[in-house]
$ cat start.pdb   # PDB, C-alpha atoms
ATOM      1  CA  MET R1009      21.686   0.306  -0.842
ATOM      2  CA  GLN R1010      19.943  -2.324  -2.965
ATOM      3  CA  ARG R1011      20.527  -4.946  -0.276
ATOM      4  CA  LEU R1012      18.968  -2.679   2.350
ATOM      5  CA  LEU R1013      15.972  -2.021   0.108
ATOM      6  CA  LEU R1014      15.540  -5.750  -0.591
ATOM      7  CA  ALA R1015      15.782  -6.575   3.118
ATOM      8  CA  SER R1016      13.179  -3.921   3.867
ATOM      9  CA  LEU R1017      10.806  -5.299   1.246
ATOM     10  CA  VAL R1018      11.231  -8.852   2.549
ATOM     11  CA  ALA R1019      10.588  -7.717   6.124
ATOM     12  CA  THR R1020       7.474  -5.802   5.058
ATOM     13  CA  ALA R1021       6.129  -8.795   3.140
ATOM     14  CA  ALA R1022       6.783 -11.108   6.090
ATOM     15  CA  ALA R1023       5.008  -8.732   8.479
ATOM     16  CA  ALA R1024       1.984  -8.567   6.151
ATOM     17  CA  ALA R1025       1.764 -12.314   5.508
ATOM     18  CA  PRO R1026      -1.381 -13.930   6.944
ATOM     19  CA  ARG R1027      -0.762 -15.975  10.079
ATOM     20  CA  ARG R1028      -1.071 -19.736   9.668
ATOM     21  CA  VAL R1029      -3.175 -20.926  12.598
ATOM     22  CA  ALA R1030      -4.348 -24.495  13.190
ATOM     23  CA  VAL R1031      -7.799 -25.250  14.606
ATOM     24  CA  THR R1032      -8.594 -28.689  15.988
ATOM     25  CA  GLY R1033     -12.222 -29.714  16.192
ATOM     26  CA  ALA R1034     -12.733 -27.792  12.945
ATOM     27  CA  GLY R1035     -15.437 -30.235  11.871
ATOM     28  CA  GLY R1036     -17.395 -29.703  15.068
ATOM     29  CA  GLN R1037     -19.380 -26.784  16.414
ATOM     30  CA  THR R1038     -17.382 -24.092  18.213
ATOM     31  CA  GLY R1039     -14.123 -25.103  16.527
ATOM     32  CA  GLN R1040     -15.700 -24.864  13.085
ATOM     33  CA  LEU R1041     -17.120 -21.422  13.874
ATOM     34  CA  ALA R1042     -13.645 -20.188  14.849
ATOM     35  CA  PHE R1043     -12.142 -21.787  11.732
ATOM     36  CA  ARG R1044     -14.689 -20.098   9.461
ATOM     37  CA  ARG R1045     -14.191 -16.737  11.146
ATOM     38  CA  MET R1046     -10.511 -16.890  10.275
ATOM     39  CA  LEU R1047     -11.269 -18.036   6.729
ATOM     40  CA  ALA R1048     -13.328 -14.841   6.395
ATOM     41  CA  ARG R1049     -10.242 -12.779   7.375
ATOM     42  CA  ARG R1050      -7.851 -13.948   4.680
ATOM     43  CA  ASP R1051      -5.770 -10.785   4.919
ATOM     44  CA  GLU R1052      -4.915 -11.699   8.514
ATOM     45  CA  PHE R1053      -5.168 -15.485   8.782
ATOM     46  CA  ASP R1054      -4.385 -18.569   6.710
ATOM     47  CA  PRO R1055      -6.130 -21.142   8.911
ATOM     48  CA  ILE R1056      -5.696 -24.896   8.847
ATOM     49  CA  GLY R1057      -8.728 -26.838  10.014
ATOM     50  CA  ILE R1058      -7.847 -30.200  11.536
ATOM     51  CA  VAL R1059     -10.530 -32.893  11.440
ATOM     52  CA  ARG R1060     -10.432 -36.490  12.586
ATOM     53  CA  ASN R1061     -11.304 -38.293   9.342
ATOM     54  CA  ALA R1062     -11.876 -37.964   5.598
ATOM     55  CA  GLU R1063     -15.650 -37.835   6.040
ATOM     56  CA  ARG R1064     -15.361 -34.663   8.121
ATOM     57  CA  ARG R1065     -12.921 -33.172   5.615
ATOM     58  CA  ASP R1066     -15.262 -33.882   2.713
ATOM     59  CA  GLU R1067     -18.174 -32.274   4.573
ATOM     60  CA  LEU R1068     -16.202 -29.048   4.970
ATOM     61  CA  VAL R1069     -15.002 -29.050   1.358
ATOM     62  CA  GLU R1070     -18.554 -29.636   0.083
ATOM     63  CA  LYS R1071     -19.597 -26.543   2.062
ATOM     64  CA  GLY R1072     -17.033 -24.377   0.323
ATOM     65  CA  VAL R1073     -13.920 -24.694   2.509
ATOM     66  CA  PRO R1074     -10.759 -24.895   0.342
ATOM     67  CA  ALA R1075      -9.309 -28.415   0.475
ATOM     68  CA  ASP R1076      -5.818 -26.989   1.019
ATOM     69  CA  ASN R1077      -7.005 -25.540   4.326
ATOM     70  CA  VAL R1078      -8.072 -28.882   5.806
ATOM     71  CA  ARG R1079      -5.842 -31.593   7.270
ATOM     72  CA  ILE R1080      -6.762 -34.940   8.803
ATOM     73  CA  ALA R1081      -5.405 -36.016  12.197
ATOM     74  CA  ASP R1082      -6.655 -37.893  15.230
ATOM     75  CA  VAL R1083      -5.685 -35.804  18.261
ATOM     76  CA  THR R1084      -5.095 -38.995  20.253
ATOM     77  CA  ASP R1085      -2.338 -39.944  17.760
ATOM     78  CA  ALA R1086       0.773 -37.933  18.657
ATOM     79  CA  ASP R1087       2.490 -38.505  15.303
ATOM     80  CA  GLU R1088      -0.546 -37.511  13.257
ATOM     81  CA  ILE R1089      -1.170 -34.281  15.131
ATOM     82  CA  CYS R1090       2.507 -33.334  14.911
ATOM     83  CA  LYS R1091       2.410 -33.649  11.112
ATOM     84  CA  ALA R1092      -0.843 -31.680  10.912
ATOM     85  CA  LEU R1093       0.656 -28.736  12.815
ATOM     86  CA  GLU R1094       3.682 -28.320  10.549
ATOM     87  CA  GLY R1095       4.078 -24.706   9.447
ATOM     88  CA  CYS R1096       1.582 -23.298  11.949
ATOM     89  CA  GLU R1097       2.485 -20.522  14.369
ATOM     90  CA  ALA R1098      -0.533 -20.771  16.664
ATOM     91  CA  LEU R1099      -3.158 -23.341  17.647
ATOM     92  CA  LEU R1100      -6.799 -23.091  18.666
ATOM     93  CA  ILE R1101      -7.888 -26.236  20.520
ATOM     94  CA  GLY R1102     -11.555 -26.852  19.825
ATOM     95  CA  SER R1103     -11.490 -30.629  20.146
ATOM     96  CA  SER R1104     -13.295 -32.279  23.040
ATOM     97  CA  ALA R1105     -14.996 -35.538  23.958
ATOM     98  CA  LYS R1106     -18.644 -35.326  22.962
ATOM     99  CA  VAL R1107     -21.374 -36.711  25.146
ATOM    100  CA  ALA R1108     -24.129 -38.635  23.375
ATOM    101  CA  THR R1109     -26.822 -41.157  24.165
ATOM    102  CA  LEU R1110     -25.760 -44.781  24.118
ATOM    103  CA  GLU R1111     -29.251 -45.869  23.098
ATOM    104  CA  PHE R1112     -28.399 -46.784  19.520
ATOM    105  CA  ASP R1113     -25.174 -48.566  20.429
ATOM    106  CA  THR R1114     -26.225 -50.500  23.486
ATOM    107  CA  GLY R1115     -29.903 -49.926  24.156
ATOM    108  CA  VAL R1116     -28.944 -49.077  27.732
ATOM    109  CA  ILE R1117     -31.553 -47.168  29.703
ATOM    110  CA  ASP R1118     -30.661 -45.336  32.898
ATOM    111  CA  PRO R1119     -32.887 -46.904  35.610
ATOM    112  CA  ALA R1120     -32.753 -43.704  37.664
ATOM    113  CA  THR R1121     -34.290 -41.570  34.907
ATOM    114  CA  GLY R1122     -35.877 -44.035  32.507
ATOM    115  CA  ARG R1123     -34.045 -42.248  29.702
ATOM    116  CA  PRO R1124     -31.260 -43.390  27.378
ATOM    117  CA  LYS R1125     -27.934 -43.459  29.133
ATOM    118  CA  LEU R1126     -25.321 -40.837  28.251
ATOM    119  CA  GLY R1127     -21.704 -41.600  27.502
ATOM    120  CA  PHE R1128     -18.773 -40.835  25.232
ATOM    121  CA  PRO R1129     -19.028 -43.353  22.371
ATOM    122  CA  LYS R1130     -16.322 -41.634  20.284
ATOM    123  CA  GLY R1131     -13.694 -41.276  22.994
ATOM    124  CA  GLN R1132     -13.551 -40.721  26.740
ATOM    125  CA  PRO R1133     -12.531 -37.296  28.131
ATOM    126  CA  TYR R1134      -9.378 -38.932  29.499
ATOM    127  CA  GLU R1135      -8.400 -39.848  25.929
ATOM    128  CA  VAL R1136      -9.566 -36.700  24.114
ATOM    129  CA  ASP R1137      -9.462 -33.859  26.636
ATOM    130  CA  TRP R1138      -6.359 -34.975  28.507
ATOM    131  CA  LEU R1139      -4.175 -37.201  26.318
ATOM    132  CA  GLY R1140      -5.385 -35.565  23.100
ATOM    133  CA  GLN R1141      -4.789 -32.036  24.338
ATOM    134  CA  ARG R1142      -1.426 -33.035  25.790
ATOM    135  CA  ASN R1143      -0.484 -34.395  22.356
ATOM    136  CA  GLN R1144      -1.510 -31.109  20.769
ATOM    137  CA  ILE R1145       0.481 -29.023  23.249
ATOM    138  CA  ASP R1146       3.589 -31.180  22.820
ATOM    139  CA  ALA R1147       3.271 -31.106  19.019
ATOM    140  CA  ALA R1148       2.732 -27.344  19.000
ATOM    141  CA  LYS R1149       5.870 -26.827  21.034
ATOM    142  CA  LYS R1150       7.866 -29.125  18.749
ATOM    143  CA  CYS R1151       6.569 -27.403  15.585
ATOM    144  CA  GLY R1152       7.286 -23.881  16.792
ATOM    145  CA  CYS R1153       3.757 -22.717  17.615
ATOM    146  CA  THR R1154       4.035 -19.839  20.059
ATOM    147  CA  HIS R1155       0.437 -19.356  21.231
ATOM    148  CA  ILE R1156      -2.249 -21.900  22.154
ATOM    149  CA  VAL R1157      -5.888 -21.033  22.816
ATOM    150  CA  ILE R1158      -8.107 -23.604  24.544
ATOM    151  CA  CYS R1159     -11.893 -23.582  24.527
ATOM    152  CA  SER R1160     -12.688 -25.305  27.829
ATOM    153  CA  SER R1161     -15.702 -24.956  30.147
ATOM    154  CA  MET R1162     -16.869 -23.333  33.341
ATOM    155  CA  GLY R1163     -17.387 -25.648  36.294
ATOM    156  CA  GLY R1164     -13.811 -26.842  36.779
ATOM    157  CA  THR R1165     -13.560 -25.640  40.378
ATOM    158  CA  ASP R1166     -16.259 -28.136  41.448
ATOM    159  CA  PRO R1167     -15.088 -31.795  41.448
ATOM    160  CA  ASP R1168     -18.724 -32.877  41.937
ATOM    161  CA  HIS R1169     -20.091 -30.863  39.020
ATOM    162  CA  MET R1170     -22.823 -32.750  37.184
ATOM    163  CA  LEU R1171     -20.781 -32.743  33.962
ATOM    164  CA  ASN R1172     -18.155 -34.909  35.672
ATOM    165  CA  GLY R1173     -20.807 -37.572  36.238
ATOM    166  CA  LEU R1174     -21.675 -37.967  32.567
ATOM    167  CA  GLY R1175     -20.568 -41.351  31.237
ATOM    168  CA  ARG R1176     -19.773 -42.669  34.719
ATOM    169  CA  ASP R1177     -21.281 -45.316  36.975
ATOM    170  CA  ASP R1178     -20.507 -45.992  40.621
ATOM    171  CA  GLY R1179     -17.262 -47.914  40.872
ATOM    172  CA  ASP R1180     -15.936 -46.775  37.494
ATOM    173  CA  PRO R1181     -12.260 -45.746  37.331
ATOM    174  CA  ASP R1182     -11.458 -42.032  37.245
ATOM    175  CA  THR R1183     -10.560 -42.412  33.558
ATOM    176  CA  LYS R1184     -14.267 -42.651  32.734
ATOM    177  CA  GLY R1185     -16.210 -39.393  32.611
ATOM    178  CA  ASN R1186     -14.840 -36.572  34.781
ATOM    179  CA  ILE R1187     -14.647 -34.332  31.724
ATOM    180  CA  LEU R1188     -14.018 -31.086  33.626
ATOM    181  CA  GLN R1189     -11.217 -32.642  35.669
ATOM    182  CA  TRP R1190      -9.397 -33.899  32.566
ATOM    183  CA  LYS R1191      -9.866 -30.542  30.863
ATOM    184  CA  ARG R1192      -8.392 -28.845  33.913
ATOM    185  CA  LYS R1193      -5.382 -31.171  33.868
ATOM    186  CA  ALA R1194      -4.711 -30.238  30.234
ATOM    187  CA  GLU R1195      -5.028 -26.537  31.066
ATOM    188  CA  ARG R1196      -2.487 -26.844  33.846
ATOM    189  CA  TYR R1197      -0.179 -28.739  31.495
ATOM    190  CA  LEU R1198      -0.401 -25.893  28.980
ATOM    191  CA  ILE R1199       0.332 -23.264  31.629
ATOM    192  CA  ASP R1200       3.409 -25.216  32.748
ATOM    193  CA  SER R1201       4.606 -25.746  29.144
ATOM    194  CA  GLY R1202       6.151 -22.294  28.818
ATOM    195  CA  LEU R1203       4.078 -21.512  25.711
ATOM    196  CA  THR R1204       1.894 -18.424  25.528
ATOM    197  CA  TYR R1205      -1.634 -19.496  26.448
ATOM    198  CA  THR R1206      -5.215 -18.288  26.503
ATOM    199  CA  ILE R1207      -7.732 -20.497  28.304
ATOM    200  CA  ILE R1208     -11.405 -19.649  27.923
ATOM    201  CA  HIS R1209     -14.047 -21.180  30.210
ATOM    202  CA  PRO R1210     -17.395 -20.462  28.549
ATOM    203  CA  GLY R1211     -20.682 -20.871  30.360
ATOM    204  CA  GLY R1212     -23.475 -22.952  28.910
ATOM    205  CA  LEU R1213     -23.234 -22.853  25.122
ATOM    206  CA  VAL R1214     -26.312 -21.793  23.167
ATOM    207  CA  ASP R1215     -26.861 -21.779  19.413
ATOM    208  CA  LYS R1216     -27.771 -18.118  19.043
ATOM    209  CA  PRO R1217     -26.312 -15.437  16.734
ATOM    210  CA  GLY R1218     -23.045 -13.893  17.920
ATOM    211  CA  GLY R1219     -22.167 -10.228  18.114
ATOM    212  CA  CYS R1220     -25.496  -9.274  19.696
ATOM    213  CA  ARG R1221     -24.709  -9.437  23.422
ATOM    214  CA  GLU R1222     -22.484  -7.873  26.028
ATOM    215  CA  LEU R1223     -19.812 -10.357  27.092
ATOM    216  CA  VAL R1224     -18.875 -10.699  30.757
ATOM    217  CA  VAL R1225     -15.616 -12.135  32.079
ATOM    218  CA  GLY R1226     -14.803 -13.600  35.481
ATOM    219  CA  VAL R1227     -12.702 -16.205  37.250
ATOM    220  CA  ASP R1228     -13.310 -19.328  39.339
ATOM    221  CA  ASP R1229     -16.905 -20.112  38.366
ATOM    222  CA  VAL R1230     -18.739 -17.181  39.929
ATOM    223  CA  MET R1231     -22.356 -17.716  38.861
ATOM    224  CA  VAL R1232     -25.014 -15.059  38.424
ATOM    225  CA  GLU R1233     -28.652 -15.594  39.345
ATOM    226  CA  GLY R1234     -31.230 -15.386  36.596
ATOM    227  CA  GLU R1235     -32.354 -17.579  33.729
ATOM    228  CA  GLY R1236     -29.876 -17.639  30.864
ATOM    229  CA  THR R1237     -27.364 -15.378  32.580
ATOM    230  CA  ASN R1238     -24.627 -18.038  32.747
ATOM    231  CA  THR R1239     -24.798 -18.915  29.078
ATOM    232  CA  ILE R1240     -23.120 -17.605  25.931
ATOM    233  CA  PRO R1241     -23.619 -18.100  22.178
ATOM    234  CA  ARG R1242     -21.062 -20.458  20.617
ATOM    235  CA  ASP R1243     -20.387 -17.840  17.976
ATOM    236  CA  ASP R1244     -19.268 -15.348  20.624
ATOM    237  CA  VAL R1245     -16.901 -17.927  22.102
ATOM    238  CA  ALA R1246     -15.449 -18.590  18.641
ATOM    239  CA  GLU R1247     -14.922 -14.880  18.061
ATOM    240  CA  THR R1248     -13.208 -14.515  21.444
ATOM    241  CA  MET R1249     -10.863 -17.373  20.539
ATOM    242  CA  VAL R1250      -9.855 -15.568  17.348
ATOM    243  CA  GLN R1251      -9.550 -12.211  19.099
ATOM    244  CA  SER R1252      -7.220 -13.844  21.635
ATOM    245  CA  LEU R1253      -4.613 -14.028  18.871
ATOM    246  CA  ARG R1254      -5.012 -10.352  18.018
ATOM    247  CA  HIS R1255      -4.616  -8.602  21.373
ATOM    248  CA  GLU R1256      -1.744  -8.572  23.862
ATOM    249  CA  ALA R1257      -4.173  -8.536  26.813
ATOM    250  CA  PHE R1258      -5.108 -12.188  26.135
ATOM    251  CA  ARG R1259      -1.583 -13.532  26.451
ATOM    252  CA  ASN R1260      -1.134 -15.905  29.431
ATOM    253  CA  ARG R1261      -4.691 -15.498  30.656
ATOM    254  CA  SER R1262      -7.260 -17.976  31.979
ATOM    255  CA  PHE R1263     -10.800 -16.680  32.489
ATOM    256  CA  ASP R1264     -14.525 -17.461  32.492
ATOM    257  CA  LEU R1265     -16.796 -16.077  29.793
ATOM    258  CA  ARG R1266     -20.556 -15.603  29.698
ATOM    259  CA  SER R1267     -22.944 -13.100  28.159
ATOM    260  CA  LYS R1268     -25.771 -10.894  29.286
ATOM    261  CA  LEU R1269     -29.130 -11.498  27.697
ATOM    262  CA  GLU R1270     -29.652  -9.884  24.317
ATOM    263  CA  GLY R1271     -30.859  -6.314  24.818
ATOM    264  CA  ASP R1272     -29.286  -6.051  28.277
ATOM    265  CA  GLY R1273     -26.220  -3.821  27.928
ATOM    266  CA  GLU R1274     -24.278  -3.087  24.740
ATOM    267  CA  ALA R1275     -22.935  -5.742  22.382
ATOM    268  CA  THR R1276     -19.197  -6.208  22.914
ATOM    269  CA  SER R1277     -16.988  -4.906  20.135
ATOM    270  CA  ASP R1278     -13.824  -3.686  21.907
ATOM    271  CA  PHE R1279     -12.060  -6.980  22.600
ATOM    272  CA  ALA R1280      -8.828  -5.225  23.520
ATOM    273  CA  ARG R1281     -10.605  -4.077  26.709
ATOM    274  CA  LEU R1282     -12.637  -7.233  27.370
ATOM    275  CA  LEU R1283     -10.388  -8.530  30.175
ATOM    276  CA  ALA R1284      -9.851  -5.131  31.837
ATOM    277  CA  PRO R1285     -12.453  -5.785  34.599
ATOM    278  CA  LEU R1286     -10.332  -8.692  35.860
ATOM    279  CA  GLY R1287      -7.473  -6.397  36.854
ATOM    280  CA  GLY R1288      -4.932  -9.019  35.812
ATOM    281  CA  ARG R1289      -6.554 -11.888  37.738
ATOM    282  CA  ASN R1290      -6.481 -15.423  36.317
ATOM    283  CA  CYS R1291      -8.358 -18.568  37.313
ATOM    284  CA  ASP R1292      -6.908 -20.288  40.389
ATOM    285  CA  TYR R1293      -5.828 -23.864  39.655
ATOM    286  CA  ALA R1294      -5.472 -24.623  43.351
ATOM    287  CA  LEU R1295      -9.278 -24.873  43.297
ATOM    288  CA  GLY R1296     -11.066 -27.986  42.108
ATOM    289  CA  LYS R1297      -9.446 -31.339  41.435
ATOM    290  CA  ILE R1298      -6.737 -32.199  38.947
ATOM    291  CA  PRO R1299      -6.288 -35.990  38.594
ATOM    292  CA  ASP R1300      -2.856 -37.560  39.026
TER
END
$ encode --input "start.pdb" --output "structure tokens"
Amino acid sequence: MQRLLLASLVATAAAAAPRRVAVTGAGGQTGQLAFRRMLARRDEFDPIGIVRNAERRDELVEKGVPADNVRIADVTDADEICKALEGCEALLIGSSAKVATLEFDTGVIDPATGRPKLGFPKGQPYEVDWLGQRNQIDAAKKCGCTHIVICSSMGGTDPDHMLNGLGRDDGDPDTKGNILQWKRKAERYLIDSGLTYTIIHPGGLVDKPGGCRELVVGVDDVMVEGEGTNTIPRDDVAETMVQSLRHEAFRNRSFDLRSKLEGDGEATSDFARLLAPLGGRNCDYALGKIPD
């Protein structure tokens, strides 16, 4: 009888234990928002924010994040990311190559626009969005993570999308730029991995308060006419990433996400029903281009 009671108490405690979830890109924008949202739900989550260096870690700690909840790893280093994921049961991928002007590094001006040239000074999409995400998926599988959520981007069905041209010049190899194509390759790799996945393709990200707009889902880059109608606050994307871990409907789903303008419709609160309008449809990876 005592053994049964002890087993029951252990099982109850295990069921109530907060879930340890890793978040890469936790020193950035959307990834940090998702990380902080889980930190605010300590009864449900025990998040681990993964940042690329000690400077990023110190910035988070100075802003009140517990040091024990931050680990350092470069996502392009397979060994480092594997160590950082130890003990985690799920992973939110918020890391991505970041476009920036090359003005301060090279002084290069784009002759076509007369403006500073854009590039990826801290890592090409091939390195961060493909190899880095592949490293994360492989490490997650090795460490026993059962669910991976990726924050990606709309536009992947169009190989000629303007985002693919950032950081590229005529004659450059495919490993330069092409950010949406390398993201799409990583998404396909995750789908084929056998792990539970949620892939979110947000529209244009805006720095507006979350929780104030009606969210709209779709597949395969269907755009809506009207200024601002294909955008979404970063905070709403972060919340959707977290909610993906909480509801069965998000398991093995790939979808686009945008928001209506504030005041148009009702602010989304029932995330369990968010994907219902899709009727089970997922994004079609036969569309667009996935590099070899």
$ closest_residue --input "start.pdb" --among "R:Arg1027, R:Arg1196, R:His1155, R:Lys1149" --to "Met1249 of chain R" --atoms "only C-alpha atoms"
R:His1155
$ atom_distance --input "start.pdb" --atom1 "atom CA of Gly1102 of chain R" --atom2 "atom CA of Ile1156 of chain R"
10.8 Å
$ resolve_selection --input "start.pdb" --expression "the PyMOL selection byres ((chain R and resi 1286) around 9)" --output "tab-separated table (two decimals) with C-alpha atoms, keeping the file's coordinate frame"
chain	number	residue	atom	x	y	z
R	1225	VAL	CA	-15.62	-12.14	32.08
R	1226	GLY	CA	-14.80	-13.60	35.48
R	1227	VAL	CA	-12.70	-16.20	37.25
R	1263	PHE	CA	-10.80	-16.68	32.49
R	1282	LEU	CA	-12.64	-7.23	27.37
R	1283	LEU	CA	-10.39	-8.53	30.18
R	1284	ALA	CA	-9.85	-5.13	31.84
R	1285	PRO	CA	-12.45	-5.78	34.60
R	1287	GLY	CA	-7.47	-6.40	36.85
R	1288	GLY	CA	-4.93	-9.02	35.81
R	1289	ARG	CA	-6.55	-11.89	37.74
R	1290	ASN	CA	-6.48	-15.42	36.32
$ residues_around --input "start.pdb" --residues "Pro1241 of chain R" --least-positions-apart "3" --cutoff "8 Å" --atoms "all atoms listed in the file" --output "NGL selection string"
:R and (1213-1218 or 1244-1245 or 1267)
$ closest_residue --input "start.pdb" --among "R:Arg1242, R:Gly1202, R:Gly1212, R:Tyr1293" --to "Arg1259 of chain R" --atoms "only C-alpha atoms"
R:Gly1202
$ axis_aligned_box --input "start.pdb" --around "segment 1218-1221 of chain R" --padding-each-side "5 Å" --output "AutoDock Vina command-line options"
--center_x -23.8 --center_y -11.6 --center_z 20.7 --size_x 13.3 --size_y 14.6 --size_z 15.5
$ resolve_selection --input "start.pdb" --expression "the PyMOL selection byres ((chain R and resi 1295) around 10)" --output "number ranges by chain"
R: 1164-1167, 1228, 1291-1294, 1296-1298
$ residues_around --input "start.pdb" --residues "Lys1191 of chain R" --least-positions-apart "4" --cutoff "9 Å" --atoms "all atoms listed in the file" --output "PyMOL selection string"
chain R and resi 1104+1133-1134+1137-1138+1141+1160-1161+1164+1186-1187+1195-1196+1298
$ decode --input "start.pdb" --residues "segment 1137-1144 of chain R" --atoms "all heavy atoms" --output "PDB file, in the first residue's frame"
ATOM      1  N   ASP R1137      20.887  29.541 -40.650  1.00  0.00           N
ATOM      2  CA  ASP R1137      19.520  29.051 -40.836  1.00  0.00           C
ATOM      3  C   ASP R1137      19.461  27.629 -41.386  1.00  0.00           C
ATOM      4  O   ASP R1137      18.446  26.952 -41.188  1.00  0.00           O
ATOM      5  CB  ASP R1137      18.749  30.001 -41.759  1.00  0.00           C
ATOM      6  CG  ASP R1137      18.525  31.349 -41.111  1.00  0.00           C
ATOM      7  OD1 ASP R1137      17.508  31.526 -40.423  1.00  0.00           O
ATOM      8  OD2 ASP R1137      19.381  32.240 -41.277  1.00  0.00           O
ATOM      9  N   TRP R1138      20.506  27.188 -42.046  1.00  0.00           N
ATOM     10  CA  TRP R1138      20.535  25.795 -42.492  1.00  0.00           C
ATOM     11  C   TRP R1138      21.410  24.949 -41.572  1.00  0.00           C
ATOM     12  O   TRP R1138      20.912  24.132 -40.804  1.00  0.00           O
ATOM     13  CB  TRP R1138      20.976  25.671 -43.949  1.00  0.00           C
ATOM     14  CG  TRP R1138      21.388  24.277 -44.348  1.00  0.00           C
ATOM     15  CD1 TRP R1138      22.526  23.900 -44.993  1.00  0.00           C
ATOM     16  CD2 TRP R1138      20.657  23.048 -44.119  1.00  0.00           C
ATOM     17  NE1 TRP R1138      22.575  22.550 -45.175  1.00  0.00           N
ATOM     18  CE2 TRP R1138      21.440  21.984 -44.658  1.00  0.00           C
ATOM     19  CE3 TRP R1138      19.445  22.738 -43.514  1.00  0.00           C
ATOM     20  CZ2 TRP R1138      21.043  20.647 -44.597  1.00  0.00           C
ATOM     21  CZ3 TRP R1138      19.039  21.404 -43.451  1.00  0.00           C
ATOM     22  CH2 TRP R1138      19.831  20.375 -43.983  1.00  0.00           C
ATOM     23  N   LEU R1139      22.735  25.159 -41.608  1.00  0.00           N
ATOM     24  CA  LEU R1139      23.610  24.307 -40.804  1.00  0.00           C
ATOM     25  C   LEU R1139      23.313  24.457 -39.314  1.00  0.00           C
ATOM     26  O   LEU R1139      23.289  23.465 -38.575  1.00  0.00           O
ATOM     27  CB  LEU R1139      25.072  24.652 -41.087  1.00  0.00           C
ATOM     28  CG  LEU R1139      25.566  24.400 -42.521  1.00  0.00           C
ATOM     29  CD1 LEU R1139      27.043  24.767 -42.636  1.00  0.00           C
ATOM     30  CD2 LEU R1139      25.336  22.957 -42.942  1.00  0.00           C
ATOM     31  N   GLY R1140      23.072  25.683 -38.859  1.00  0.00           N
ATOM     32  CA  GLY R1140      22.787  25.907 -37.449  1.00  0.00           C
ATOM     33  C   GLY R1140      21.488  25.258 -37.001  1.00  0.00           C
ATOM     34  O   GLY R1140      21.424  24.651 -35.918  1.00  0.00           O
ATOM     35  N   GLN R1141      20.453  25.359 -37.818  1.00  0.00           N
ATOM     36  CA  GLN R1141      19.193  24.713 -37.442  1.00  0.00           C
ATOM     37  C   GLN R1141      19.300  23.189 -37.562  1.00  0.00           C
ATOM     38  O   GLN R1141      18.720  22.463 -36.744  1.00  0.00           O
ATOM     39  CB  GLN R1141      18.044  25.254 -38.294  1.00  0.00           C
ATOM     40  CG  GLN R1141      17.687  26.689 -37.928  1.00  0.00           C
ATOM     41  CD  GLN R1141      16.360  27.140 -38.490  1.00  0.00           C
ATOM     42  OE1 GLN R1141      15.477  26.346 -38.790  1.00  0.00           O
ATOM     43  NE2 GLN R1141      16.203  28.453 -38.643  1.00  0.00           N
ATOM     44  N   ARG R1142      20.045  22.716 -38.541  1.00  0.00           N
ATOM     45  CA  ARG R1142      20.257  21.269 -38.631  1.00  0.00           C
ATOM     46  C   ARG R1142      20.974  20.764 -37.384  1.00  0.00           C
ATOM     47  O   ARG R1142      20.604  19.716 -36.828  1.00  0.00           O
ATOM     48  CB  ARG R1142      21.074  20.927 -39.886  1.00  0.00           C
ATOM     49  CG  ARG R1142      21.212  19.414 -40.120  1.00  0.00           C
ATOM     50  CD  ARG R1142      22.073  19.120 -41.326  1.00  0.00           C
ATOM     51  NE  ARG R1142      23.469  19.481 -41.096  1.00  0.00           N
ATOM     52  CZ  ARG R1142      24.436  19.339 -42.005  1.00  0.00           C
ATOM     53  NH1 ARG R1142      24.157  18.868 -43.204  1.00  0.00           N
ATOM     54  NH2 ARG R1142      25.681  19.704 -41.715  1.00  0.00           N
ATOM     55  N   ASN R1143      21.980  21.505 -36.923  1.00  0.00           N
ATOM     56  CA  ASN R1143      22.671  21.130 -35.684  1.00  0.00           C
ATOM     57  C   ASN R1143      21.696  21.058 -34.510  1.00  0.00           C
ATOM     58  O   ASN R1143      21.761  20.133 -33.682  1.00  0.00           O
ATOM     59  CB  ASN R1143      23.760  22.158 -35.353  1.00  0.00           C
ATOM     60  CG  ASN R1143      24.989  22.027 -36.242  1.00  0.00           C
ATOM     61  OD1 ASN R1143      25.188  21.020 -36.911  1.00  0.00           O
ATOM     62  ND2 ASN R1143      25.804  23.066 -36.258  1.00  0.00           N
ATOM     63  N   GLN R1144      20.813  22.031 -34.435  1.00  0.00           N
ATOM     64  CA  GLN R1144      19.854  22.070 -33.328  1.00  0.00           C
ATOM     65  C   GLN R1144      18.889  20.886 -33.385  1.00  0.00           C
ATOM     66  O   GLN R1144      18.580  20.273 -32.359  1.00  0.00           O
ATOM     67  CB  GLN R1144      19.071  23.379 -33.363  1.00  0.00           C
ATOM     68  CG  GLN R1144      19.930  24.597 -33.062  1.00  0.00           C
ATOM     69  CD  GLN R1144      19.164  25.887 -33.187  1.00  0.00           C
ATOM     70  OE1 GLN R1144      18.244  26.157 -32.416  1.00  0.00           O
ATOM     71  NE2 GLN R1144      19.518  26.700 -34.172  1.00  0.00           N
TER      72      GLN R1144
END
